[in-house]
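Next comes data-v3.cif, a file with mmCIF, C-alpha atoms and all ligand atoms.
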data_entry
#
loop_
_atom_site.label_atom_id
_atom_site.label_comp_id
_atom_site.auth_asym_id
_atom_site.auth_seq_id
_atom_site.Cartn_x
_atom_site.Cartn_y
_atom_site.Cartn_z
CA MET A 13 0.00 0.00 0.00
CA LEU A 14 2.68 2.48 1.02
CA ALA A 15 5.79 3.56 -0.87
CA ALA A 16 8.86 1.33 -0.50
CA ARG A 17 10.76 4.05 1.39
CA MET A 18 8.33 3.72 4.28
CA SER A 19 9.55 0.18 4.95
CA ARG A 20 13.03 1.58 5.56
CA ILE A 21 12.14 4.01 8.33
CA ALA A 22 10.35 3.85 11.67
CA SER A 23 8.64 6.72 13.46
CA SER A 24 10.68 8.44 16.14
CA PRO A 25 11.20 6.01 19.07
CA THR A 26 11.89 8.92 21.38
CA MET A 27 8.22 9.88 21.01
CA LYS A 28 7.02 6.49 22.33
CA GLY A 29 7.32 7.50 25.99
CA LEU A 30 5.34 10.69 25.34
CA ILE A 31 2.40 8.68 24.06
CA ALA A 32 2.48 6.21 26.98
CA ALA A 33 2.73 9.10 29.46
CA GLU A 34 -0.24 10.85 27.88
CA GLN A 35 -2.38 7.74 28.21
CA LEU A 36 -1.50 7.32 31.89
CA ARG A 37 -2.16 10.99 32.60
CA LYS A 38 -5.60 10.67 31.01
CA GLN A 39 -6.29 7.89 33.52
CA GLY A 40 -5.41 10.34 36.32
CA PHE A 41 -1.94 9.04 37.22
CA ASP A 42 0.89 11.32 38.38
CA VAL A 43 3.49 10.72 35.67
CA VAL A 44 7.08 12.02 35.87
CA ASP A 45 8.33 12.47 32.34
CA LEU A 46 12.11 12.28 31.97
CA GLY A 47 11.78 11.20 28.36
CA ALA A 48 11.28 14.60 26.79
CA GLY A 49 14.20 16.12 24.93
CA GLU A 50 13.20 19.69 25.63
CA PRO A 51 13.91 22.43 28.16
CA ASP A 52 11.34 22.75 30.93
CA PHE A 53 12.10 26.50 31.06
CA SER A 54 9.83 29.04 29.42
CA THR A 55 11.05 30.94 26.39
CA PRO A 56 12.81 34.10 27.73
CA ASP A 57 10.49 37.11 28.07
CA HIS A 58 12.28 39.36 25.57
CA VAL A 59 11.94 36.61 22.94
CA LYS A 60 8.25 36.14 23.67
CA ARG A 61 7.74 39.91 23.42
CA ALA A 62 9.32 39.90 19.96
CA GLY A 63 6.86 37.18 18.94
CA HIS A 64 3.90 39.20 20.24
CA ALA A 65 5.19 42.32 18.48
CA ALA A 66 5.46 40.40 15.20
CA ILE A 67 1.80 39.39 15.43
CA ASP A 68 0.73 42.92 16.38
CA ALA A 69 2.65 44.32 13.41
CA ASN A 70 0.87 41.79 11.16
CA PHE A 71 4.15 40.13 10.34
CA THR A 72 2.11 37.05 9.56
CA LYS A 73 2.61 36.46 5.86
CA TYR A 74 4.99 34.31 3.85
CA THR A 75 8.62 35.36 4.04
CA ALA A 76 11.36 34.47 1.56
CA ASN A 77 11.41 30.70 1.68
CA THR A 78 15.02 30.68 2.86
CA GLY A 79 14.16 33.03 5.74
CA THR A 80 14.20 36.76 6.36
CA SER A 81 17.34 38.71 5.64
CA GLU A 82 17.19 40.08 9.19
CA LEU A 83 17.32 36.58 10.72
CA LYS A 84 20.01 35.32 8.35
CA GLN A 85 22.13 38.30 9.35
CA ALA A 86 21.47 37.62 13.02
CA ILE A 87 22.59 33.99 12.56
CA CYS A 88 25.78 35.08 10.78
CA ALA A 89 26.46 37.68 13.52
CA ARG A 90 25.94 35.11 16.29
CA TYR A 91 28.41 32.65 14.72
CA ARG A 92 30.86 35.48 14.08
CA ALA A 93 30.66 36.58 17.72
CA ASP A 94 30.78 33.06 19.14
CA TYR A 95 33.31 31.44 16.83
CA GLY A 96 34.91 34.15 14.69
CA VAL A 97 33.59 32.57 11.46
CA ASP A 98 32.48 34.60 8.46
CA TYR A 99 29.26 33.14 7.01
CA THR A 100 27.30 35.42 4.69
CA GLU A 101 23.59 35.51 3.88
CA PRO A 102 23.69 33.23 0.80
CA GLU A 103 25.39 30.62 2.98
CA VAL A 104 22.43 30.40 5.41
CA ILE A 105 18.92 29.01 5.24
CA VAL A 106 16.37 29.29 8.05
CA THR A 107 14.49 26.05 8.73
CA ALA A 108 11.70 24.72 10.90
CA GLY A 109 14.10 23.45 13.57
CA GLY A 110 17.42 21.68 13.54
CA LYS A 111 15.58 18.59 12.35
CA GLN A 112 14.69 20.21 9.04
CA ALA A 113 18.17 21.72 8.80
CA LEU A 114 19.63 18.20 8.93
CA ALA A 115 16.96 16.72 6.66
CA ASN A 116 17.69 19.39 4.04
CA ALA A 117 21.39 18.63 4.19
CA ALA A 118 20.90 14.86 3.92
CA LEU A 119 18.57 15.16 0.91
CA ALA A 120 20.73 17.77 -0.79
CA LEU A 121 23.98 15.82 -0.40
CA PHE A 122 23.33 12.08 -0.20
CA GLY A 123 21.66 9.53 -2.44
CA PRO A 124 21.65 5.92 -3.62
CA GLY A 125 25.09 4.31 -3.66
CA ASP A 126 26.54 6.76 -1.12
CA GLU A 127 27.74 5.66 2.28
CA VAL A 128 27.23 8.06 5.18
CA ILE A 129 29.04 7.50 8.46
CA THR A 130 27.60 8.56 11.77
CA HIS A 131 27.98 7.54 15.40
CA ALA A 132 26.03 5.50 17.94
CA PRO A 133 24.76 5.79 20.58
CA GLY A 134 23.15 8.53 18.54
CA TRP A 135 20.01 10.44 17.76
CA PRO A 136 17.72 8.17 15.69
CA THR A 137 16.56 10.94 13.34
CA ILE A 138 20.06 11.19 11.88
CA PHE A 139 19.98 7.47 11.05
CA GLU A 140 16.52 7.67 9.52
CA GLN A 141 17.27 10.79 7.47
CA VAL A 142 20.21 9.02 5.83
CA LYS A 143 17.90 6.14 4.95
CA LEU A 144 15.25 8.54 3.64
CA ALA A 145 17.90 9.98 1.34
CA GLU A 146 18.35 6.36 0.13
CA ALA A 147 22.01 6.35 1.12
CA SER A 148 23.65 3.53 3.11
CA LEU A 149 24.03 4.15 6.81
CA VAL A 150 27.39 3.23 8.34
CA ILE A 151 27.47 3.34 12.13
CA VAL A 152 30.62 3.68 14.21
CA ARG A 153 30.48 3.27 17.99
CA SER A 154 31.71 5.46 20.77
CA ARG A 155 32.45 3.55 23.97
CA PRO A 156 31.32 4.10 27.56
CA GLU A 157 34.87 3.38 28.81
CA ASP A 158 36.06 6.45 26.81
CA GLY A 159 33.21 8.58 28.15
CA PHE A 160 31.60 8.11 24.70
CA THR A 161 33.96 10.75 23.30
CA LEU A 162 34.15 10.77 19.52
CA ASN A 163 37.60 10.23 18.11
CA ALA A 164 38.79 10.68 14.56
CA GLN A 165 40.10 7.16 14.10
CA MET A 166 36.69 5.54 14.47
CA PHE A 167 35.42 7.59 11.53
CA LEU A 168 38.57 7.24 9.42
CA ASP A 169 38.51 3.44 9.81
CA ALA A 170 35.00 3.35 8.34
CA ILE A 171 35.82 5.35 5.18
CA THR A 172 35.53 3.44 1.90
CA PRO A 173 35.63 4.66 -1.72
CA ARG A 174 31.83 5.02 -1.48
CA THR A 175 31.86 7.33 1.55
CA LYS A 176 30.10 10.58 0.69
CA GLY A 177 29.55 12.03 4.13
CA ILE A 178 30.22 11.98 7.86
CA ILE A 179 27.57 13.29 10.27
CA ILE A 180 28.73 14.32 13.73
CA ASN A 181 26.60 15.53 16.63
CA SER A 182 28.47 17.39 19.38
CA PRO A 183 27.43 17.71 22.18
CA ALA A 184 25.77 14.43 21.40
CA ASN A 185 22.32 13.15 22.19
CA PRO A 186 22.01 10.86 24.22
CA THR A 187 25.53 10.72 25.71
CA GLY A 188 26.35 14.42 26.13
CA ALA A 189 29.83 13.62 24.77
CA LEU A 190 31.87 16.05 22.67
CA ILE A 191 34.28 15.77 19.80
CA SER A 192 37.45 17.81 20.38
CA GLU A 193 38.70 20.45 17.95
CA GLN A 194 41.77 18.31 17.37
CA GLU A 195 39.82 15.16 16.45
CA LEU A 196 37.53 17.14 14.14
CA THR A 197 40.58 18.71 12.50
CA THR A 198 41.93 15.23 11.72
CA ILE A 199 38.58 14.18 10.24
CA ALA A 200 38.27 17.42 8.25
CA LYS A 201 41.76 17.03 6.76
CA ALA A 202 40.99 13.45 5.68
CA ALA A 203 37.60 14.54 4.33
CA ALA A 204 39.23 17.34 2.33
CA ALA A 205 41.73 14.90 0.83
CA LYS A 206 39.03 12.37 -0.11
CA GLY A 207 36.20 14.70 -1.14
CA ILE A 208 33.88 13.75 1.72
CA TRP A 209 31.22 16.04 3.23
CA VAL A 210 31.13 16.68 6.97
CA VAL A 211 27.75 17.59 8.45
CA LEU A 212 27.92 18.91 12.01
CA ASP A 213 24.84 18.92 14.22
CA LEU A 214 25.34 21.73 16.75
CA THR A 215 21.85 21.67 18.22
CA TYR A 216 23.24 21.51 21.79
CA GLU A 217 26.17 23.90 21.16
CA LYS A 218 25.17 26.29 23.97
CA LEU A 219 24.86 23.53 26.54
CA ILE A 220 28.47 22.69 27.40
CA TYR A 221 29.34 22.59 31.10
CA GLU A 222 33.12 22.95 31.25
CA PRO A 223 34.96 25.69 29.37
CA VAL A 224 36.61 23.28 26.90
CA PRO A 225 37.54 24.56 23.44
CA HIS A 226 34.66 23.66 21.12
CA ASN A 227 35.14 25.96 18.16
CA LEU A 228 34.03 23.32 15.67
CA PRO A 229 32.70 25.88 13.15
CA GLY A 230 36.18 27.47 13.20
CA VAL A 231 37.76 24.09 12.43
CA LEU A 232 35.41 23.39 9.54
CA ARG A 233 35.72 26.88 8.10
CA ARG A 234 39.51 26.56 8.17
CA GLU A 235 39.93 22.97 7.00
CA LEU A 236 36.85 22.14 4.97
CA ARG A 237 35.16 25.34 3.91
CA ASP A 238 33.73 23.96 0.66
CA ARG A 239 32.57 20.60 1.98
CA SER A 240 31.10 21.21 5.40
CA VAL A 241 27.59 21.95 6.57
CA ILE A 242 26.43 23.03 10.03
CA ALA A 243 22.95 22.50 11.43
CA GLY A 244 21.93 24.72 14.33
CA SER A 245 18.78 25.41 16.29
CA ALA A 246 17.09 27.86 18.64
CA SER A 247 15.21 25.01 20.33
CA LYS A 248 17.48 23.95 23.16
CA ALA A 249 19.61 27.07 23.71
CA TYR A 250 16.67 29.48 24.05
CA ALA A 251 13.96 27.06 25.24
CA MET A 252 12.11 27.47 21.95
CA THR A 253 11.26 23.89 20.92
CA GLY A 254 7.68 24.70 19.99
CA TRP A 255 8.56 27.75 17.89
CA ARG A 256 10.43 25.55 15.39
CA CYS A 257 13.47 27.46 14.25
CA GLY A 258 16.80 26.18 13.05
CA TRP A 259 19.30 26.89 10.30
CA THR A 260 21.71 25.28 7.89
CA LEU A 261 25.07 26.94 7.15
CA GLY A 262 27.22 25.83 4.25
CA PRO A 263 28.49 26.55 0.75
CA LYS A 264 26.10 28.62 -1.41
CA GLU A 265 25.37 25.75 -3.79
CA VAL A 266 24.25 23.48 -0.95
CA ILE A 267 22.17 26.21 0.67
CA SER A 268 20.52 26.99 -2.61
CA ALA A 269 19.72 23.26 -3.06
CA CYS A 270 18.23 23.25 0.46
CA GLY A 271 16.19 26.30 -0.54
CA ALA A 272 14.85 24.50 -3.60
CA LEU A 273 13.87 21.48 -1.50
CA GLN A 274 12.23 23.61 1.16
CA SER A 275 10.40 25.70 -1.44
CA HIS A 276 8.44 22.59 -2.43
CA GLN A 277 8.02 21.18 1.04
CA THR A 278 7.41 23.63 3.88
CA SER A 279 8.38 27.03 2.40
CA ASN A 280 9.56 29.42 5.09
CA ALA A 281 9.82 28.86 8.82
CA CYS A 282 6.98 30.63 10.66
CA SER A 283 7.28 34.42 10.22
CA ILE A 284 6.52 35.15 13.89
CA THR A 285 9.10 32.63 15.01
CA GLN A 286 11.70 34.25 12.77
CA ARG A 287 11.20 37.63 14.48
CA ALA A 288 11.40 35.99 17.91
CA THR A 289 14.61 34.18 16.95
CA VAL A 290 16.22 37.46 15.87
CA ALA A 291 15.57 38.70 19.43
CA ALA A 292 17.02 35.48 20.86
CA LEU A 293 20.21 35.63 18.78
CA ASN A 294 20.82 39.38 18.97
CA GLY A 295 19.61 39.89 22.53
CA PRO A 296 21.31 39.28 25.88
CA GLN A 297 22.75 35.79 26.20
CA GLU A 298 22.60 35.63 30.02
CA CYS A 299 19.37 33.65 29.79
CA VAL A 300 21.34 30.83 28.16
CA THR A 301 23.99 30.82 30.90
CA GLU A 302 21.34 30.89 33.63
CA MET A 303 19.63 27.82 32.19
CA LEU A 304 22.98 26.08 31.80
CA GLU A 305 23.85 26.65 35.46
CA GLU A 306 20.52 25.20 36.52
CA TYR A 307 21.03 22.15 34.25
CA ARG A 308 24.47 21.64 35.80
CA VAL A 309 23.02 21.43 39.34
CA ARG A 310 20.42 18.93 38.13
CA ARG A 311 22.96 16.86 36.21
CA ASP A 312 25.20 16.54 39.26
CA LYS A 313 22.34 15.68 41.63
CA VAL A 314 20.68 13.05 39.41
CA TRP A 315 24.04 11.51 38.58
CA GLU A 316 24.86 11.25 42.29
CA TRP A 317 21.44 9.85 43.28
CA MET A 318 21.29 7.26 40.51
CA THR A 319 24.88 6.02 40.74
CA ALA A 320 24.46 5.46 44.50
CA ASP A 321 23.47 1.99 43.29
CA PRO A 322 26.86 0.67 42.11
CA ARG A 323 25.16 -1.42 39.44
CA ILE A 324 24.00 1.74 37.63
CA LYS A 325 26.89 3.30 35.75
CA CYS A 326 27.19 6.58 33.94
CA VAL A 327 29.88 8.87 32.62
CA LYS A 328 29.06 12.42 33.65
CA PRO A 329 28.14 14.16 30.39
CA SER A 330 30.02 17.24 29.13
CA GLY A 331 27.01 18.75 27.40
CA ALA A 332 23.29 18.60 26.49
CA PHE A 333 20.77 17.68 29.23
CA TYR A 334 20.72 13.90 29.30
CA LEU A 335 22.25 11.23 31.52
CA PHE A 336 22.79 7.94 29.74
CA PHE A 337 22.78 5.21 32.39
CA ASP A 338 24.20 1.75 31.83
CA ILE A 339 21.63 -0.48 33.55
CA SER A 340 22.83 -3.76 32.06
CA GLU A 341 23.68 -5.12 35.52
CA LEU A 342 20.02 -4.82 36.48
CA LEU A 343 18.98 -7.02 33.57
CA SER A 344 18.87 -10.81 33.75
CA PRO A 345 17.47 -13.76 31.80
CA ASN A 346 14.93 -14.48 34.57
CA GLY A 347 13.98 -10.90 35.33
CA ILE A 348 13.83 -7.93 33.01
CA ARG A 349 15.83 -8.91 29.96
CA THR A 350 16.24 -5.71 27.97
CA SER A 351 16.46 -1.99 28.57
CA ALA A 352 13.36 -1.56 26.37
CA GLU A 353 11.43 -3.83 28.73
CA PHE A 354 12.93 -1.96 31.72
CA ALA A 355 11.73 1.40 30.36
CA ASP A 356 8.28 -0.01 29.50
CA ARG A 357 7.80 -1.49 32.96
CA LEU A 358 9.09 1.67 34.62
CA ILE A 359 6.34 3.60 32.87
CA ALA A 360 3.63 1.02 33.56
CA GLU A 361 4.50 0.26 37.20
CA SER A 362 6.20 3.43 38.50
CA HIS A 363 4.86 6.04 36.06
CA VAL A 364 8.33 7.34 35.27
CA VAL A 365 9.13 7.95 31.61
CA THR A 366 12.70 7.40 30.40
CA THR A 367 13.92 6.47 26.94
CA ALA A 368 15.35 3.00 26.36
CA GLY A 369 18.85 2.78 24.90
CA GLU A 370 17.41 0.77 21.99
CA ALA A 371 16.13 4.09 20.58
CA PHE A 372 19.75 5.22 20.19
CA ASP A 373 21.10 1.89 18.97
CA ALA A 374 22.53 1.22 22.44
CA PRO A 375 20.69 -1.55 24.29
CA GLY A 376 21.47 -1.90 27.99
CA PHE A 377 21.08 1.82 28.69
CA ILE A 378 18.31 4.25 29.58
CA ARG A 379 18.35 7.96 28.82
CA VAL A 380 17.13 10.32 31.52
CA SER A 381 16.45 13.92 30.57
CA TYR A 382 17.19 16.26 33.47
CA ALA A 383 15.41 19.16 31.80
CA ASN A 384 12.90 18.96 34.63
CA SER A 385 12.51 20.47 38.11
CA LEU A 386 14.72 19.13 40.92
CA GLU A 387 11.54 18.17 42.77
CA ASN A 388 10.34 16.01 39.88
CA LEU A 389 13.80 14.58 39.37
CA ARG A 390 13.98 13.54 43.06
CA LYS A 391 10.51 12.03 42.83
CA ALA A 392 11.50 10.04 39.72
CA VAL A 393 14.71 8.75 41.28
CA ASP A 394 12.80 7.69 44.44
CA ARG A 395 10.41 5.75 42.25
CA ILE A 396 13.25 4.18 40.27
CA GLU A 397 14.87 3.06 43.54
CA ILE A 398 11.64 1.40 44.67
CA PHE A 399 11.25 -0.18 41.22
CA VAL A 400 14.78 -1.61 41.33
CA LYS A 401 14.30 -2.94 44.89
CA ALA A 402 11.10 -4.70 43.79
CA LEU A 403 13.00 -6.08 40.83
CA ASP A 404 15.65 -7.48 43.17
CA ARG A 405 12.88 -9.27 45.04
CA GLY A 406 11.43 -10.49 41.74
CA GLN A 407 8.16 -8.62 42.25
CA PRO A 408 6.38 -5.96 40.22
CA VAL A 409 5.89 -2.58 41.90
CA ALA A 410 2.26 -2.25 42.95
CA ALA A 411 0.57 0.05 40.44
CA ARG A 412 0.09 3.47 41.99
C1 LIG B 1 20.84 15.63 18.29
C2 LIG B 1 19.68 16.47 17.88
N1 LIG B 1 19.77 17.18 16.75
C3 LIG B 1 18.75 17.96 16.32
C4 LIG B 1 17.60 18.05 17.05
C5 LIG B 1 16.54 18.92 16.49
O1 LIG B 1 15.84 19.71 17.33
P1 LIG B 1 14.90 20.86 16.73
O2 LIG B 1 14.32 20.34 15.45
O3 LIG B 1 13.87 21.10 17.78
O4 LIG B 1 15.78 22.03 16.49
C6 LIG B 1 17.45 17.32 18.24
C7 LIG B 1 16.20 17.35 19.01
O5 LIG B 1 15.96 16.61 19.92
C8 LIG B 1 18.53 16.52 18.68
O6 LIG B 1 18.48 15.81 19.81
#
Since I need it in another form, could you write the structure as structure tokens?
Amino acid sequence: MLAARMSRIASSPTMKGLIAAEQLRKQGFDVVDLGAGEPDFSTPDHVKRAGHAAIDANFTKYTANTGTSELKQAICARYRADYGVDYTEPEVIVTAGGKQALANAALALFGPGDEVITHAPGWPTIFEQVKLAEASLVIVRSRPEDGFTLNAQMFLDAITPRTKGIIINSPANPTGALISEQELTTIAKAAAAKGIWVVLDLTYEKLIYEPVPHNLPGVLRRELRDRSVIAGSASKAYAMTGWRCGWTLGPKEVISACGALQSHQTSNACSITQRATVAALNGPQECVTEMLEEYRVRRDKVWEWMTADPRIKCVKPSGAFYLFFDISELLSPNGIRTSAEFADRLIAESHVVTTAGEAFDAPGFIRVSYANSLENLRKAVDRIEIFVKALDRGQPVAAR
């Protein structure tokens, strides 16, 4: 009935928990949702005001399908201020979120016969977008014993004559790991020599806890100017997930191809959102730092609480707002056998939503989003502790 391409992709597994949580809530249960990949903070007031002002000024029509000039300039100015890189308007397209920015890039660059390398544990949408572009997905693995850091060698070892692209997400979802400037430089030099594209997903670029050098745009601009693409987003940095605003930066030809694709798919990102994002990018950046400091406190607390059980292991993440716990020691052939089953039972019996590692091609783990209040996080961890104790006794937790 459906087109063949639909047999190659599955709908987003990270949305599964949302649906289960919604059903339980409808039945009146108190659900703690640590599955969501979005800030619990409100969009900063000055950004909201810009959105209201856009509506009041009737800025509610189509814009240029690649985005307003004002926003493209604001994006270029932000990257210039943050990284010292010199993108110009024709090298930018405004998209409906980082997701569309990456989808544009995958469709514009990759096709049948091409191999595209990316890393796991990783964000499933990147895998599925490669498949939607009908290219072959090649997965390399970062390892918990290295803190999941991405090193150049793992990518270089996977290069074949068919490799057309490498997609890197740093800070990464779900591990929070980073790639260093040095490792990216090595990859970029090899990519330049072999004519391979590097696509960099910087959706979590503002959420890095330690002041480590992370000028990845600078590296790509220097080493691989003509073959690199950056996807960025307002979603996580400015608590703007629902507004849907992202961008793709890259060579003019690629951006113009993205524009052609978008012109037949979604046209422009919402006009009101574009005005609000100008305020976010050009306005004071303290709101970002304040949220980051709050995330840091939560990260440290949840890490400490959860790893009090020595069977639960986790490398403290450098960025993003997820903890990726290795729970394999809690699994057994006679008890809960997989992390998917663990996450399902945790929802059903304890009403705590997490995301199973299977969603990120990493069975044996669960992802906990700490973009939630400390109170809710404590409540969730208490419930997880009770759940694990019941598991040790071989009993289900009594439904609440
Ligand atoms: C790794 C990664 N990239 C990109 C995105 C895209 O987010 P958005 O489309 O809201 O900008 C997400 C969202 O969860 C993500 O986790």
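Taking all atoms listed in the file, the non-local environment of region 63-65 of chain A within 9 Å (same-chain residues fewer than 4 positions away omitted) comprises A:His58, A:Val59, A:Ala69, A:Asn70, A:Phe71, A:Ile284, A:Thr285, A:Gln286, A:Arg287, A:Ala288, A:Thr289, A:Ala291.
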Using all atoms listed in the file, find the one residue out of A:Gly376, A:Gly49, A:Gly254, A:Gly134 that sits nearest to Phe337 (chain A).
-> A:Gly376
Which residues sit within 10 Å of ligand LIG 1 (chain B), counting only C-alpha atoms and all ligand atoms, listed as a VMD selection string?
-> chain A and resid 26 48 to 50 107 to 115 134 to 138 180 to 186 188 212 to 216 243 to 249 251 to 259 332 to 334
Among listed residues A:Cys270, A:Val211, A:Leu46, A:Val365, nearest Leu386 (chain A) (using only C-alpha atoms) |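 Closest residue, counting only C-alpha atoms: A:Leu46.
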From the list A:Thr278, A:Pro51, A:Asp394, A:Asn163, which residue is nearest Glu306 (chain A) when using all atoms listed in the file?
->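 That would be A:Pro51, the residue with the smallest distance to Glu306 (chain A).
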Can you tell me which residues surround Pro329 (chain A) at a distance of at most 10 Å, considering only C-alpha atoms, apart from same-chain residues fewer than 2 positions away, and format the answer as a PDB file with C-alpha atoms, keeping the file's coordinate frame?
ATOM      1  CA  GLY A 159      33.210   8.580  28.150  1.00  0.00           C
ATOM      2  CA  PHE A 160      31.600   8.110  24.700  1.00  0.00           C
ATOM      3  CA  THR A 161      33.960  10.750  23.300  1.00  0.00           C
ATOM      4  CA  PRO A 183      27.430  17.710  22.180  1.00  0.00           C
ATOM      5  CA  ALA A 184      25.770  14.430  21.400  1.00  0.00           C
ATOM      6  CA  PRO A 186      22.010  10.860  24.220  1.00  0.00           C
ATOM      7  CA  THR A 187      25.530  10.720  25.710  1.00  0.00           C
ATOM      8  CA  GLY A 188      26.350  14.420  26.130  1.00  0.00           C
ATOM      9  CA  ALA A 189      29.830  13.620  24.770  1.00  0.00           C
ATOM     10  CA  LEU A 190      31.870  16.050  22.670  1.00  0.00           C
ATOM     11  CA  ILE A 220      28.470  22.690  27.400  1.00  0.00           C
ATOM     12  CA  TYR A 221      29.340  22.590  31.100  1.00  0.00           C
ATOM     13  CA  ARG A 308      24.470  21.640  35.800  1.00  0.00           C
ATOM     14  CA  ARG A 311      22.960  16.860  36.210  1.00  0.00           C
ATOM     15  CA  ASP A 312      25.200  16.540  39.260  1.00  0.00           C
ATOM     16  CA  TRP A 315      24.040  11.510  38.580  1.00  0.00           C
ATOM     17  CA  CYS A 326      27.190   6.580  33.940  1.00  0.00           C
ATOM     18  CA  VAL A 327      29.880   8.870  32.620  1.00  0.00           C
ATOM     19  CA  GLY A 331      27.010  18.750  27.400  1.00  0.00           C
ATOM     20  CA  ALA A 332      23.290  18.600  26.490  1.00  0.00           C
ATOM     21  CA  PHE A 333      20.770  17.680  29.230  1.00  0.00           C
ATOM     22  CA  TYR A 334      20.720  13.900  29.300  1.00  0.00           C
ATOM     23  CA  LEU A 335      22.250  11.230  31.520  1.00  0.00           C
ATOM     24  CA  PHE A 336      22.790   7.940  29.740  1.00  0.00           C
TER      25      PHE A 336
END
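CA of Val97 (chain A) is positioned 19.2 Å from CA of Pro223 (chain A).
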